[in-house]
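Source file: model13.cif; contents: mmCIF, C-alpha atoms.
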data_entry
loop_
_atom_site.label_atom_id
_atom_site.label_comp_id
_atom_site.auth_asym_id
_atom_site.auth_seq_id
_atom_site.Cartn_x
_atom_site.Cartn_y
_atom_site.Cartn_z
CA MET E 183 64.03 -46.98 55.14
CA LYS E 184 67.15 -49.04 55.91
CA ARG E 185 68.08 -48.94 59.60
CA VAL E 186 71.23 -50.33 61.21
CA VAL E 187 70.90 -51.33 64.87
CA PHE E 188 74.42 -51.02 66.26
CA ASN E 189 76.40 -50.71 69.44
CA GLN E 190 80.03 -51.70 69.94
CA LYS E 191 79.21 -52.76 73.49
CA GLY E 192 77.65 -56.19 73.96
CA GLY E 193 74.68 -56.97 76.16
CA VAL E 194 72.67 -53.83 75.33
CA GLY E 195 69.77 -55.64 73.64
CA LYS E 196 70.77 -54.97 70.05
CA SER E 197 69.34 -58.16 68.53
CA SER E 198 66.24 -58.05 70.72
CA ILE E 199 65.48 -54.48 69.69
CA ALA E 200 66.17 -55.09 65.99
CA SER E 201 64.00 -58.21 65.88
CA ASN E 202 61.13 -56.75 67.89
CA LEU E 203 61.03 -53.47 65.96
CA ALA E 204 60.99 -55.47 62.73
CA ALA E 205 58.18 -57.68 64.07
CA ILE E 206 56.12 -54.63 65.09
CA SER E 207 56.71 -53.08 61.67
CA ALA E 208 55.46 -56.25 59.98
CA LYS E 209 52.49 -56.48 62.34
CA ALA E 210 51.53 -52.94 61.33
CA GLY E 211 51.17 -54.15 57.75
CA ILE E 212 54.56 -52.91 56.54
CA LYS E 213 56.56 -55.25 54.29
CA THR E 214 59.69 -55.69 56.41
CA LEU E 215 63.07 -57.40 56.08
CA LEU E 216 65.59 -58.13 58.84
CA ILE E 217 69.21 -58.85 57.90
CA ASP E 218 71.33 -60.62 60.51
CA LEU E 219 75.05 -59.82 60.16
CA ASP E 220 76.12 -61.22 63.53
CA SER E 221 77.92 -64.58 63.48
CA GLN E 222 76.22 -65.38 66.80
CA CYS E 223 72.97 -65.62 64.78
CA ASN E 224 70.77 -64.39 67.64
CA SER E 225 68.20 -62.64 65.46
CA THR E 226 68.11 -65.61 63.09
CA LEU E 227 67.47 -68.06 65.90
CA TYR E 228 64.90 -65.74 67.47
CA LEU E 229 62.81 -65.47 64.30
CA LEU E 230 63.35 -68.97 62.89
CA GLY E 231 64.07 -71.00 66.02
CA ARG E 232 60.77 -72.84 66.05
CA GLU E 233 61.48 -74.11 62.54
CA PHE E 234 64.83 -75.39 63.77
CA ASP E 235 62.97 -77.16 66.57
CA LYS E 236 60.79 -78.94 64.02
CA ALA E 237 63.65 -79.74 61.64
CA LYS E 238 66.21 -80.86 64.20
CA GLY E 239 64.12 -82.07 67.11
CA GLY E 240 65.41 -79.22 69.25
CA ILE E 241 67.29 -75.97 69.03
CA SER E 242 70.55 -77.51 70.28
CA GLY E 243 73.08 -77.62 67.46
CA ALA E 244 70.90 -75.61 65.07
CA HIS E 245 73.26 -72.65 65.38
CA HIS E 246 75.75 -74.49 63.16
CA ASN E 247 73.23 -75.99 60.73
CA ILE E 248 71.34 -72.98 59.46
CA VAL E 249 72.14 -73.62 55.80
CA ASP E 250 71.23 -77.31 55.93
CA SER E 251 68.05 -76.79 57.95
CA LEU E 252 66.04 -74.25 56.04
CA GLY E 253 67.01 -74.37 52.39
CA LYS E 254 67.80 -70.72 51.63
CA ARG E 255 71.29 -69.26 51.48
CA THR E 256 72.69 -67.13 54.29
CA ILE E 257 74.29 -63.71 54.17
CA ALA E 258 77.68 -65.40 54.63
CA GLU E 259 77.17 -67.22 51.34
CA TYR E 260 76.41 -63.93 49.63
CA PHE E 261 79.66 -62.42 50.86
CA LYS E 262 81.53 -65.56 49.83
CA SER E 263 80.13 -65.19 46.33
CA THR E 264 81.72 -61.74 46.10
CA LEU E 265 85.12 -63.31 46.75
CA GLY E 266 84.83 -65.45 43.63
CA PHE E 267 83.94 -68.70 45.36
CA LYS E 268 80.87 -68.93 43.08
CA LEU E 269 81.02 -68.61 39.31
CA LEU E 270 77.52 -67.22 38.82
CA PRO E 271 76.23 -64.00 40.41
CA SER E 272 73.50 -64.42 43.01
CA ARG E 273 70.24 -62.50 43.15
CA GLY E 274 69.20 -60.83 46.37
CA VAL E 275 66.01 -62.84 46.42
CA ASP E 276 68.05 -66.05 46.70
CA TYR E 277 68.86 -65.15 50.30
CA VAL E 278 65.47 -63.97 51.53
CA ARG E 279 63.38 -66.42 53.52
CA GLN E 280 59.96 -66.03 55.05
CA THR E 281 59.63 -66.11 58.81
CA PRO E 282 56.55 -67.61 60.50
CA PHE E 283 55.23 -64.05 60.89
CA ALA E 284 53.25 -62.26 58.18
CA ASN E 285 55.07 -59.48 56.28
CA LEU E 286 58.39 -60.30 57.98
CA ASP E 287 61.26 -61.76 55.93
CA LEU E 288 64.82 -62.56 56.98
CA ILE E 289 68.28 -62.89 55.51
CA ALA E 290 69.85 -65.28 57.98
CA ALA E 291 73.27 -65.12 59.57
CA SER E 292 75.75 -67.97 59.83
CA PRO E 293 78.80 -68.67 62.02
CA GLU E 294 80.72 -68.65 58.72
CA LEU E 295 80.66 -64.86 58.85
CA ALA E 296 83.53 -64.93 61.33
CA ASP E 297 85.59 -67.25 59.11
CA ILE E 298 85.47 -65.11 55.97
CA GLN E 299 85.81 -61.66 57.52
CA SER E 300 89.55 -61.26 56.98
CA ALA E 301 89.29 -62.26 53.31
CA LEU E 302 86.49 -59.74 52.77
CA GLU E 303 88.52 -57.01 54.46
CA SER E 304 91.65 -57.75 52.42
CA LYS E 305 89.68 -57.49 49.18
CA HIS E 306 87.86 -54.31 50.22
CA LYS E 307 84.32 -55.67 49.84
CA ILE E 308 82.69 -53.06 52.08
CA TYR E 309 80.26 -51.93 49.35
CA LYS E 310 78.86 -55.38 48.58
CA LEU E 311 76.01 -55.23 51.07
CA ARG E 312 74.84 -52.02 49.41
CA ASP E 313 75.00 -53.85 46.08
CA LEU E 314 72.85 -56.66 47.47
CA PHE E 315 70.01 -54.23 48.13
CA LYS E 316 69.75 -53.54 44.42
CA GLY E 317 68.65 -57.13 43.82
CA LEU E 318 66.18 -57.39 46.69
CA PRO E 319 62.40 -57.28 46.41
CA GLU E 320 60.79 -54.01 47.44
CA TYR E 321 60.62 -53.57 51.22
CA GLN E 322 59.12 -50.62 53.04
CA ALA E 323 61.41 -51.21 56.03
CA ILE E 324 64.75 -52.97 56.44
CA TYR E 325 66.42 -53.54 59.81
CA ILE E 326 70.06 -54.67 59.98
CA ASP E 327 71.35 -56.40 63.11
CA THR E 328 75.12 -56.03 63.47
CA PRO E 329 77.88 -57.57 65.59
CA PRO E 330 78.80 -55.84 68.89
CA MET E 331 81.99 -54.42 67.40
CA PHE E 332 83.10 -51.95 64.75
CA ASN E 333 84.18 -54.46 62.11
CA PHE E 334 83.78 -55.19 58.40
CA TYR E 335 80.11 -56.14 58.70
CA THR E 336 79.18 -53.09 60.73
CA VAL E 337 80.97 -50.79 58.31
CA SER E 338 79.25 -52.51 55.38
CA ALA E 339 75.87 -52.02 57.06
CA LEU E 340 76.48 -48.34 57.81
CA ILE E 341 77.54 -47.75 54.22
CA ALA E 342 74.37 -49.42 52.93
CA ALA E 343 71.89 -47.89 55.39
CA ASP E 344 69.93 -44.68 55.69
CA THR E 345 70.00 -44.40 59.48
CA CYS E 346 71.60 -45.84 62.60
CA LEU E 347 69.75 -46.79 65.79
CA ILE E 348 71.88 -47.12 68.94
CA PRO E 349 70.67 -49.22 71.90
CA PHE E 350 72.07 -47.79 75.13
CA ASP E 351 72.01 -49.02 78.70
CA CYS E 352 72.57 -46.52 81.46
CA ASP E 353 76.03 -46.90 82.89
CA ASP E 354 79.20 -44.84 82.63
CA PHE E 355 81.09 -47.41 80.53
CA SER E 356 78.24 -47.40 78.00
CA ARG E 357 78.29 -43.62 77.98
CA GLN E 358 81.99 -43.44 77.13
CA ALA E 359 81.56 -46.11 74.46
CA LEU E 360 78.66 -44.10 73.02
CA TYR E 361 80.90 -41.15 72.17
CA THR E 362 83.36 -43.43 70.35
CA LEU E 363 80.52 -45.10 68.49
CA MET E 364 79.08 -41.79 67.34
CA ASN E 365 82.50 -40.68 66.10
CA ASN E 366 82.76 -43.92 64.10
CA VAL E 367 79.36 -43.32 62.53
CA ASP E 368 80.38 -39.77 61.63
CA GLU E 369 83.54 -41.10 59.99
CA ILE E 370 81.51 -43.51 57.84
CA LYS E 371 79.17 -40.65 56.94
CA ASN E 372 82.05 -38.41 55.89
CA ASP E 373 83.96 -41.06 53.96
CA HIS E 374 81.35 -43.38 52.45
CA ASN E 375 77.69 -42.46 52.98
CA ASP E 376 76.85 -38.79 53.25
CA GLN E 377 73.12 -39.59 53.71
CA LEU E 378 73.69 -41.57 56.91
CA PHE E 379 72.52 -40.12 60.20
CA ILE E 380 71.88 -41.31 63.76
CA GLU E 381 68.11 -41.59 63.95
CA GLY E 382 67.92 -42.22 67.67
CA ILE E 383 69.54 -43.57 70.81
CA ILE E 384 67.23 -46.12 72.44
CA VAL E 385 67.57 -46.29 76.22
CA ASN E 386 67.19 -49.97 77.08
CA GLN E 387 66.85 -51.77 80.42
CA TYR E 388 65.82 -48.44 81.90
CA GLN E 389 64.97 -48.09 85.58
CA PRO E 390 62.84 -44.92 85.79
CA ARG E 391 62.75 -44.84 89.60
CA ALA E 392 66.52 -44.99 90.02
CA ASN E 393 68.40 -41.70 90.25
CA PHE E 394 71.52 -42.72 88.34
CA PRO E 395 69.89 -43.70 85.01
CA GLN E 396 67.66 -40.64 85.20
CA ARG E 397 70.71 -38.44 85.60
CA ILE E 398 72.58 -40.13 82.72
CA VAL E 399 69.64 -39.70 80.36
CA HIS E 400 69.12 -36.08 81.41
CA GLU E 401 72.79 -35.27 80.84
CA LEU E 402 72.85 -36.92 77.42
CA LYS E 403 69.76 -34.99 76.37
CA SER E 404 71.37 -31.77 77.61
CA GLU E 405 74.23 -32.52 75.20
CA SER E 406 71.67 -32.50 72.37
CA LEU E 407 72.17 -36.17 71.62
CA PRO E 408 69.20 -37.80 69.83
CA ILE E 409 67.86 -39.70 72.85
CA LEU E 410 64.41 -41.06 72.12
CA ASP E 411 61.66 -40.13 74.57
CA ALA E 412 60.37 -43.71 74.58
CA THR E 413 62.44 -46.03 76.79
CA ILE E 414 62.51 -49.81 77.27
CA SER E 415 62.55 -51.24 80.77
CA SER E 416 64.19 -54.42 81.99
CA SER E 417 61.89 -57.44 82.10
CA VAL E 418 62.22 -61.23 82.24
CA LYS E 419 59.52 -61.32 79.55
CA MET E 420 62.16 -60.54 76.94
CA LYS E 421 64.06 -63.70 77.92
CA GLU E 422 60.83 -65.68 77.85
CA SER E 423 60.18 -64.34 74.36
CA HIS E 424 63.63 -65.51 73.29
CA ASP E 425 62.99 -68.93 74.81
CA VAL E 426 59.78 -69.53 72.86
CA ARG E 427 61.22 -67.86 69.70
CA ILE E 428 58.27 -65.49 69.34
CA PRO E 429 58.65 -61.68 69.19
CA LEU E 430 56.82 -59.85 71.94
CA ILE E 431 54.16 -58.31 69.69
CA HIS E 432 52.94 -61.86 68.98
CA TYR E 433 53.79 -63.43 72.33
CA LEU E 434 52.61 -60.79 74.82
CA PRO E 435 51.03 -57.92 72.86
CA LYS E 436 49.46 -56.27 75.92
CA HIS E 437 52.50 -56.46 78.20
CA LYS E 438 54.13 -53.22 79.35
CA LEU E 439 57.46 -54.19 77.76
CA THR E 440 55.81 -54.83 74.40
CA GLN E 441 53.99 -51.52 74.52
CA GLU E 442 57.24 -49.71 75.35
CA ILE E 443 58.81 -51.10 72.17
CA VAL E 444 55.67 -50.15 70.24
CA GLN E 445 56.18 -46.59 71.50
CA VAL E 446 59.78 -46.67 70.28
CA PHE E 447 58.48 -47.82 66.90
CA HIS E 448 55.86 -45.06 66.90
CA GLU E 449 58.46 -42.40 67.71
CA LEU E 450 60.65 -43.62 64.86
CA ASN E 451 57.69 -43.86 62.48
CA PRO E 452 55.38 -40.94 63.34
CA LYS E 453 53.66 -41.15 59.96
CA THR E 454 52.50 -44.71 60.52
CA SER E 455 48.73 -44.56 60.53
CA ILE E 456 46.81 -44.54 63.80
CA GLU E 457 44.76 -47.42 62.40
CA HIS E 458 47.89 -49.56 62.15
CA LEU E 459 48.92 -48.78 65.71
CA GLN E 460 45.43 -49.48 66.98
CA GLN E 461 45.52 -52.78 65.15
CA ILE E 462 48.72 -53.66 67.00
CA ASP E 463 47.06 -52.84 70.32
CA LYS E 464 43.79 -54.67 69.71
CA THR E 465 44.63 -57.87 67.87
CA VAL E 466 46.85 -60.89 68.37
CA ALA E 467 47.93 -62.54 65.14
CA GLU E 468 49.07 -66.11 65.53
CA PRO E 469 52.27 -66.89 63.61
CA ALA E 470 51.62 -68.90 60.48
#

What would the structure in this file look like if it were written as structure tokens?
Amino acid sequence: MKRVVFNQKGGVGKSSIASNLAAISAKAGIKTLLIDLDSQCNSTLYLLGREFDKAKGGISGAHHNIVDSLGKRTIAEYFKSTLGFKLLPSRGVDYVRQTPFANLDLIAASPELADIQSALESKHKIYKLRDLFKGLPEYQAIYIDTPPMFNFYTVSALIAADTCLIPFDCDDFSRQALYTLMNNVDEIKNDHNDQLFIEGIIVNQYQPRANFPQRIVHELKSESLPILDATISSSVKMKESHDVRIPLIHYLPKHKLTQEIVQVFHELNPKTSIEHLQQIDKTVAEPA
């Protein structure tokens, strides 16, 4: 299953949700890949940041040294190769690197993504991400983190994916943006990928005791939008997890926030065995 995590609005927890769902998937014994298409590299730094610390003596500056630091190529280099900057074709495996967490691999982002976007658009390379999947090892789950905008990389991801997950925070601006986003996904479905569908809208930073978010969620459900029953609350523990570069399932497996994301994962993957979910609840695996 290839899932795009996408919202055109920034600050809704897109990278956090993509990375943590991927980490839970891997922790459940599922061979998982996360692809970071955002030039801000947040998912890349989240999952590989401790290696940058070791390589560079600190995370500062690592954002611009991803290629030099960790040996493997980035997704930006793959897209560059499709423009003819490289004479030999690249294999998908050339871009996959292991994270410190078992069963979880990554294709890293790079700030270069922003520099080459216009060239990719002008040469109509929107199907090249789909082509990359043909050369990848077999993964049971692939999560794609996208930029907070409807651009070349988001379109490429939606064309290549099976489903779209939409993080949503409860305010009226987000609600209006949600309708536009869903129309954009429908357009991609109609024009490029007739198998694509919106798998779920994930309510993030939810305040269950406040009337306004309750009303927004109720109204969206009454419109028959695919709002997931599992919600994610706001917690400083997410920022702490970012700071130590360890996904919540490894950092704080028993915390309420972690278990909320586990419930999101369970709702999206109802066929995942109970044994796997119990293993998530009962054990703490130290990153390698």

Residues within 10 Å of Ile326 in chain E, all atoms listed in the file, excluding chain neighbours under 6 positions, as a ChimeraX atom specification: /E:184-188,197,200-201,204,215-220,225,288-289,336,339-340,342-343,346-347

Ile341 in chain E surroundings by all atoms listed in the file, 9 Å radius, close-in-sequence under 4 positions cut, as a ChimeraX atom specification: /E:308-309,311-312,336-337,370-371,374-375,378

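Closest to Gly382 in chain E among E:Ala301, E:Ile257, E:Ile348, E:Ile199 is E:Ile348, based on only C-alpha atoms.
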
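This file gives the following result for the PyMOL selection byres ((chain E and resi 379) around 9): Asp344, Thr345, Cys346, Val367, Asp368, Lys371, Asp376, Gln377, Leu378, Ile380 and Glu381 of chain E.
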
Among listed residues E:Phe350, E:Tyr335, E:Phe447, E:Tyr433, nearest Ser221 in chain E (using only C-alpha atoms):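 Comparing E:Phe350, E:Tyr335, E:Phe447, E:Tyr433 against Ser221 in chain E, the winner is E:Tyr335.
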
Pick from E:Asn393, E:Thr454, E:Thr264, E:Ser198 nearest to Asp313 in chain E, counting only C-alpha atoms: E:Thr264

Result set, the PyMOL selection byres ((chain E and resi 256) around 10) on current file, as a ChimeraX atom specification: /E:217-219,248-249,252-255,257-261,276-279,288-295

For the residues selected in the previous step, produce a file with C-alpha atoms as an mmCIF file, keeping the file's coordinate frame.
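As a result, result.cif now contains:
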data_model
loop_
_atom_site.group_PDB
_atom_site.id
_atom_site.type_symbol
_atom_site.label_atom_id
_atom_site.label_comp_id
_atom_site.auth_asym_id
_atom_site.auth_seq_id
_atom_site.Cartn_x
_atom_site.Cartn_y
_atom_site.Cartn_z
ATOM 1 C CA ILE E 217 69.210 -58.850 57.900
ATOM 2 C CA ASP E 218 71.330 -60.620 60.510
ATOM 3 C CA LEU E 219 75.050 -59.820 60.160
ATOM 4 C CA ILE E 248 71.340 -72.980 59.460
ATOM 5 C CA VAL E 249 72.140 -73.620 55.800
ATOM 6 C CA LEU E 252 66.040 -74.250 56.040
ATOM 7 C CA GLY E 253 67.010 -74.370 52.390
ATOM 8 C CA LYS E 254 67.800 -70.720 51.630
ATOM 9 C CA ARG E 255 71.290 -69.260 51.480
ATOM 10 C CA ILE E 257 74.290 -63.710 54.170
ATOM 11 C CA ALA E 258 77.680 -65.400 54.630
ATOM 12 C CA GLU E 259 77.170 -67.220 51.340
ATOM 13 C CA TYR E 260 76.410 -63.930 49.630
ATOM 14 C CA PHE E 261 79.660 -62.420 50.860
ATOM 15 C CA ASP E 276 68.050 -66.050 46.700
ATOM 16 C CA TYR E 277 68.860 -65.150 50.300
ATOM 17 C CA VAL E 278 65.470 -63.970 51.530
ATOM 18 C CA ARG E 279 63.380 -66.420 53.520
ATOM 19 C CA LEU E 288 64.820 -62.560 56.980
ATOM 20 C CA ILE E 289 68.280 -62.890 55.510
ATOM 21 C CA ALA E 290 69.850 -65.280 57.980
ATOM 22 C CA ALA E 291 73.270 -65.120 59.570
ATOM 23 C CA SER E 292 75.750 -67.970 59.830
ATOM 24 C CA PRO E 293 78.800 -68.670 62.020
ATOM 25 C CA GLU E 294 80.720 -68.650 58.720
ATOM 26 C CA LEU E 295 80.660 -64.860 58.850
#

Please evaluate the PyMOL selection byres ((chain E and resi 353) around 10) against the structure above and give the resulting residues as a compact mmCIF listing (two decimals) with C-alpha atoms, in the coordinates of the input.
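Saved result, expr_22.txt, follows:
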# COMPACT_ATOMS: atom_id res chain seq x y z
CA PHE E 350 72.07 -47.79 75.13
CA ASP E 351 72.01 -49.02 78.70
CA CYS E 352 72.57 -46.52 81.46
CA ASP E 354 79.20 -44.84 82.63
CA PHE E 355 81.09 -47.41 80.53
CA SER E 356 78.24 -47.40 78.00
CA ARG E 357 78.29 -43.62 77.98
CA GLN E 358 81.99 -43.44 77.13
CA PHE E 394 71.52 -42.72 88.34
CA PRO E 395 69.89 -43.70 85.01
CA ILE E 398 72.58 -40.13 82.72
CA VAL E 399 69.64 -39.70 80.36

Residues within 12 Å of (65.6, -45.8, 82.2), file coords, all atoms listed in the file, listed as number ranges by chain: E: 349-353, 384-400, 409-416, 442

Given all atoms listed in the file as the counted atoms, nearest of E:Ala359, E:His424, E:Ile298, E:Ala284 to Lys191 in chain E: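 For Lys191 in chain E, the nearest of the candidates is E:Ala359.
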
Best match for closeness to Val444 in chain E among E:Gln190, E:Ser207, E:Thr281, E:Asn333, counting all atoms listed in the file: E:Ser207

Listed atoms of range 196-211 of chain E, axis-aligned box, 4 Å per side: centre and edge lengths to one decimal in Å, as JSON?
{"center_x": 61.0, "center_y": -55.6, "center_z": 64.2, "size_x": 27.6, "size_y": 13.3, "size_z": 21.0}

One-decimal distance in Å that lies between CA of Gly195 in chain E and CA of Lys438 in chain E: 16.8 Å

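Our summary of the geometry notes that CA of Leu229 in chain E is positioned 28.0 Å from CA of Leu360 in chain E.
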
From E:Ile383, E:Ala210, E:Val194, E:Leu203, residue lying nearest Tyr325 in chain E [all atoms listed in the file]: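 For Tyr325 in chain E, the nearest of the given residues is E:Leu203.
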
Pairwise distance for CA of Lys196 in chain E and CA of Lys209 in chain E, rounded to one decimal in Å: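 Interatomic distance, CA of Lys196 in chain E to CA of Lys209 in chain E: 19.9 Å.
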